[in-house]
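Report on the structure given below.
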Amino acid sequence: MKKTKIDLEDFLKTILPDQKLLKFLSLARDISKKRGEFLYFAGGVVRDYLLKRLYKKRIPKPKDLDLVLQGNLKSFLKELLEKVKGQILFESQFLTYKVKINLNGKEFLIDFITARKEIYEDIAKLPKVFASHFEDDILRRDFTINALIIGLSPPYEGVLIDLVEGEEDLKKGLIRPLYLNSFVDDPTRIFRGIRYKIRFGFNFSEDFFLALQKCFEKSALKKLSGTRLANELKLYLTKEPEKNLKNLLMTTYELKLFEEAELKINKKNFNSLIGFSKELKGEISEREKEKIFLFGLVDSQFLESLYRLGFPDSEIKELIRYKKLIEENLSNWEKLSLWEKIKLFEKIPSIYLLTLGIYFPKIKKDLINFFKEYKKVKPELTGEELIKLGVKEGKEIGVLLELIRKEKIEGKIRNKEDEKNLVIQFLLNKSKN
Ligand code: ATP
Ligand code: MG
């Protein structure tokens with residue numbers, strides 16, 4: 001066990017999203033000291049702090065804090081929350097607590113974790129967990145660079161503890177699992193490893209490939225549940241810088257993970273998949289984006305593959321139906337008028353429509369114009385105003401609003417005055433017939 005004294009004050013100053021938390025942490029330390037329970041930082045914050053020191057890299061401050069306690073966390077939190085304003089928001093089956101605290105009117109979320117041992121009884125299934133020593137808690141982790149801890153309270157206050165040569169691997173730039181069966185126990189670690197490799201520009205260690213081989217031998221990726229697989233892939237989109245997406249997907253492809261997880265994807269989609277998220281910034285919600293990303297990843301010839309990602313039958317069938325609708329018009333696409341294309345697009349809900357833009361590059365340009373522009377074109381005149389102009393209540397109002405919209409989109413009319421004239425012309429023609 002390698003122990004190095006570090007400058008705790010410098011560490012805290014560097015990692016804390018807000019200096020208000022200093023006092024809170026000092027209180028937490030005092031309580032754990034009094035109770036004789038060891039409190040420490042682990043994982044991402046420790047890794048990023050050391051990375052920063054080693055490579056002088058600019059690393060963003062963590063959005064939330066993880067603190068680990070070797071001891072009785074529930075009773076520790078009870079004592080802590082008698083002294084600080086706050087509450088437990090959520091308690092998980094893995095002995096973790098999400099806590100909201102309020103410091104001078106500002107709220108912070110802190111994840112408190114019990115130092116624990118994990119036992120994997122089944123391949124690729126969630127483990128049984130037991131409260132345990134910090135050593136076990138280090139050894140349950142995914143990679144050596146994520147297995148470093150920094151103590152906040154005695155007996156290792158201000159000490160960096162390294163049981164697995166994680167500091168060496170940080171220096172060498174290596175992603176190394178802690179044991180060879182690591183990916184059999186939890187194949188999501190492979191995707192996590194890819195994210196760290198690309199994020200930090202590191203390499204996989206030899207052990208990484210040996211562990212991967214074991215995982216393939218045991219078909220562990222096939223046994224990983226659809227939702228867990230989908231979640232890992234979504235993290236490529238949501239947790240990593242946008243510019244890394246192509247690399248993340250290519251690395252996953254080259255390691256044959258999609259194949260091994262029985263997910264039929266199409267490499268040809270990668271480029272449009274990356275483009276769509278850029279082009280539609282601000283136009284769709286994050287949730288929609290994630291869904292389109294997963295839809296767009298799979299090979300459109302094998303949409304059944306979406307069952308593997310846990311999508312419900314109804315959504316997959318709907319996507320198949322809309323795909324047919326576009327396919328029927330594809331050979332004729334250039335000959336369709338702008339209005340005809342718009343009418344077709346309007347039959348399809350946005351999530352499916354954008355997915356189809358990824359499958360069929362031929363329609364992409366029209367689709368983006370539709371989303372950014374034409375979809376938003378609406379008549380300025382209201383139904384009531386139409387009635388005042390002499391339009392009969394009922395079906396005719398809808399017909400006219402649609403006509404105004406068409407002429408606006410085609411650039412034949414521009415403002416409200418033009419709209420009024422169009423209506424008057426329409427009514428005149430009608431009275432002549
Ligand atoms: P990031 O900067 O991406 O948040 P992180 O290291 O903080 O990186 P988290 O997903 O926040 O990653 O997890 C916190 C820590 O929990 C990790 O550093 C790792 O030690 C441990 N961990 C998370 N997921 C796993 C897993 N599937 N298997 C083993 N350990 C894990
Ligand atoms: Mg984290």
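Going by the structure tokens order, chains are called A, B, ..., each with residues numbered from 1, while ligands are numbered from 1 in the order shown.
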
Contacts with ligand 1 at most 10 Å, only C-alpha atoms and all ligand atoms counted, listed as an NGL selection string:
:A and (41-48 or 59-66 or 111 or 113 or 118 or 126 or 137-149 or 177-178 or 182-183 or 185-193 or 195-196 or 199 or 232 or 235 or 239-240)

Could you list, as a PyMOL selection string, every residue within 6 Å of A:Ile101, counting only C-alpha atoms and ignoring same-chain residues fewer than 2 positions away?
chain A and resi 85-86+107-108

Write a file of the selected residues as a PDB file, in the first residue's frame, keeping N, CA, C and O atoms.
```pdb
ATOM      1  N   LYS A  85     -28.192  22.312   7.823  1.00  0.00           N
ATOM      2  CA  LYS A  85     -29.510  22.271   7.206  1.00  0.00           C
ATOM      3  C   LYS A  85     -29.448  21.376   5.961  1.00  0.00           C
ATOM      4  O   LYS A  85     -28.588  21.573   5.095  1.00  0.00           O
ATOM      5  N   GLY A  86     -30.344  20.407   5.892  1.00  0.00           N
ATOM      6  CA  GLY A  86     -30.306  19.554   4.714  1.00  0.00           C
ATOM      7  C   GLY A  86     -31.157  18.316   4.899  1.00  0.00           C
ATOM      8  O   GLY A  86     -31.766  18.127   5.953  1.00  0.00           O
ATOM      9  N   GLU A 107     -27.842  25.723  -2.260  1.00  0.00           N
ATOM     10  CA  GLU A 107     -28.017  24.274  -2.129  1.00  0.00           C
ATOM     11  C   GLU A 107     -26.928  23.487  -2.849  1.00  0.00           C
ATOM     12  O   GLU A 107     -26.485  23.858  -3.930  1.00  0.00           O
ATOM     13  N   PHE A 108     -26.515  22.373  -2.224  1.00  0.00           N
ATOM     14  CA  PHE A 108     -25.519  21.503  -2.834  1.00  0.00           C
ATOM     15  C   PHE A 108     -25.980  20.057  -2.733  1.00  0.00           C
ATOM     16  O   PHE A 108     -26.600  19.664  -1.754  1.00  0.00           O
TER      17      PHE A 108
END
```

d(atom CA of A:Leu152, atom CA of A:Arg29) in Å
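Interatomic distance, atom CA of A:Leu152 to atom CA of A:Arg29: 6.3 Å.
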
DSSP-assigned strand (DSSP E or B) members of stretch 113-278 of chain A, reported as number ranges by chain:
A: 113-114, 116-119, 128-131, 143, 149-151, 159-162, 174-175, 177, 203-204, 265

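Every residue of stretch 1-37 of chain A with a DSSP assignment of alpha helix (DSSP H), taken from the backbone, is listed as Leu8, Glu9, Asp10, Phe11, Leu12, Lys13, Thr14, Ile15, Leu21, Leu22, Lys23, Phe24, Leu25, Ser26, Leu27, Ala28, Arg29, Asp30, Ile31, Ser32, Lys33, Lys34 and Arg35 of chain A.
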
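Atom to atom, atom CA of A:Leu400 and atom CA of A:Thr382 stand 10.6 Å apart.
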
Suppose you want the space between atom CA of A:Ile150 and atom CA of A:Tyr40; what is it in Å?
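Calculated distance between atom CA of A:Ile150 and atom CA of A:Tyr40 is 5.6 Å.
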
Could you list, as a PyMOL selection string, every residue within 10 Å of stretch 317-320 of chain A, counting only C-alpha atoms and ignoring same-chain residues fewer than 3 positions away?
chain A and resi 295+300-304+312-314+323-325+348-349+351-353+355-356

Write a file of the selected residues as an mmCIF file, in the first residue's frame, keeping C-alpha atoms.
```cif
data_model
loop_
_atom_site.group_PDB
_atom_site.id
_atom_site.type_symbol
_atom_site.label_atom_id
_atom_site.label_comp_id
_atom_site.auth_asym_id
_atom_site.auth_seq_id
_atom_site.Cartn_x
_atom_site.Cartn_y
_atom_site.Cartn_z
ATOM 1 C CA PHE A 295 -32.306 4.870 -32.817
ATOM 2 C CA SER A 300 -32.031 0.560 -40.427
ATOM 3 C CA GLN A 301 -32.234 -2.853 -42.105
ATOM 4 C CA PHE A 302 -32.379 -4.474 -38.688
ATOM 5 C CA LEU A 303 -34.579 -2.265 -36.566
ATOM 6 C CA GLU A 304 -35.471 -5.323 -34.480
ATOM 7 C CA PRO A 312 -40.780 -1.096 -26.302
ATOM 8 C CA ASP A 313 -42.480 -2.947 -29.108
ATOM 9 C CA SER A 314 -44.832 -0.052 -29.885
ATOM 10 C CA LYS A 323 -39.461 4.306 -42.338
ATOM 11 C CA LYS A 324 -41.674 2.638 -44.972
ATOM 12 C CA LEU A 325 -43.464 5.915 -45.563
ATOM 13 C CA ILE A 348 -44.129 11.853 -38.761
ATOM 14 C CA PRO A 349 -43.408 12.732 -35.095
ATOM 15 C CA ILE A 351 -38.112 11.837 -32.969
ATOM 16 C CA TYR A 352 -38.819 9.336 -35.731
ATOM 17 C CA LEU A 353 -38.385 11.919 -38.431
ATOM 18 C CA THR A 355 -33.938 9.305 -36.991
ATOM 19 C CA LEU A 356 -34.983 8.789 -40.601
#
```

Of A:Arg321, A:Lys388, A:Arg308, A:Lys335, the one sitting nearest A:Leu263 when using only C-alpha atoms is A:Arg308

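Within 9 Å of A:Glu402, once only C-alpha atoms are used and residues closer than 4 positions along the same chain are dropped, the contacting residues are Lys378, Pro379, Ile397, Gly398, Lys406 and Glu407 of chain A.
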
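Considering only C-alpha atoms, the residue among A:Leu67, A:Leu81, A:Ala211, A:Leu170 positioned nearest to A:Leu103 is A:Leu81.
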
Excluding A:Ala220 and any residue of its chain fewer than 3 positions from it, enumerate the residues within 9 Å of it, using only C-alpha atoms, and give them as a PyMOL selection string.
chain A and resi 123-124+183-187+214-217+223-224+260-261

Only C-alpha atoms, please: the residues just picked out, written as a PDB file, in the first residue's frame.
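Writing done, so here's out-v9.pdb:
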```pdb
ATOM      1  CA  ILE A 123     -22.219 -12.786 -15.017  1.00  0.00           C
ATOM      2  CA  ALA A 124     -23.098  -9.179 -15.957  1.00  0.00           C
ATOM      3  CA  PHE A 183     -15.466  -7.142 -17.397  1.00  0.00           C
ATOM      4  CA  VAL A 184     -17.159 -10.504 -16.836  1.00  0.00           C
ATOM      5  CA  ASP A 185     -18.530  -9.178 -13.565  1.00  0.00           C
ATOM      6  CA  ASP A 186     -19.528  -5.859 -15.057  1.00  0.00           C
ATOM      7  CA  PRO A 187     -19.214  -5.308 -18.818  1.00  0.00           C
ATOM      8  CA  LYS A 214     -12.340 -13.183 -20.844  1.00  0.00           C
ATOM      9  CA  CYS A 215     -15.510 -11.164 -21.174  1.00  0.00           C
ATOM     10  CA  PHE A 216     -16.005 -12.411 -24.740  1.00  0.00           C
ATOM     11  CA  GLU A 217     -15.270 -16.016 -23.726  1.00  0.00           C
ATOM     12  CA  LYS A 223     -25.928 -11.058 -20.820  1.00  0.00           C
ATOM     13  CA  LEU A 224     -25.839  -7.352 -20.058  1.00  0.00           C
ATOM     14  CA  GLU A 260     -20.464  -9.006 -29.069  1.00  0.00           C
ATOM     15  CA  ALA A 261     -23.445  -7.292 -27.417  1.00  0.00           C
TER      16      ALA A 261
END
```

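Minimum atom-to-atom distances from A:Glu168, A:Ile363, A:Ile15, A:Leu354 to ligand 2 were compared using only C-alpha atoms and all ligand atoms, and the lowest value belongs to A:Ile15.
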
Show me, as number ranges by chain, the residues that have an atom within 12 Å of A:Glu9 when counting only C-alpha atoms, minus same-chain residues fewer than 6 positions from it.
A: 15-16, 19, 22-23, 25-26, 150, 152, 157-159

Find, counting only C-alpha atoms, the residue in A:Ile368, A:Leu160, A:Leu210, A:Leu381 that gets nearest to A:Leu8.
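Selected residue with least distance to A:Leu8: A:Leu160.
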
Can you tell me, as a ChimeraX atom specification, what residues are no more than 8 Å from stretch 72-77 of chain A when counting only C-alpha atoms, ignoring any on the same chain fewer than 5 positions away?
/A:31-32,112-114
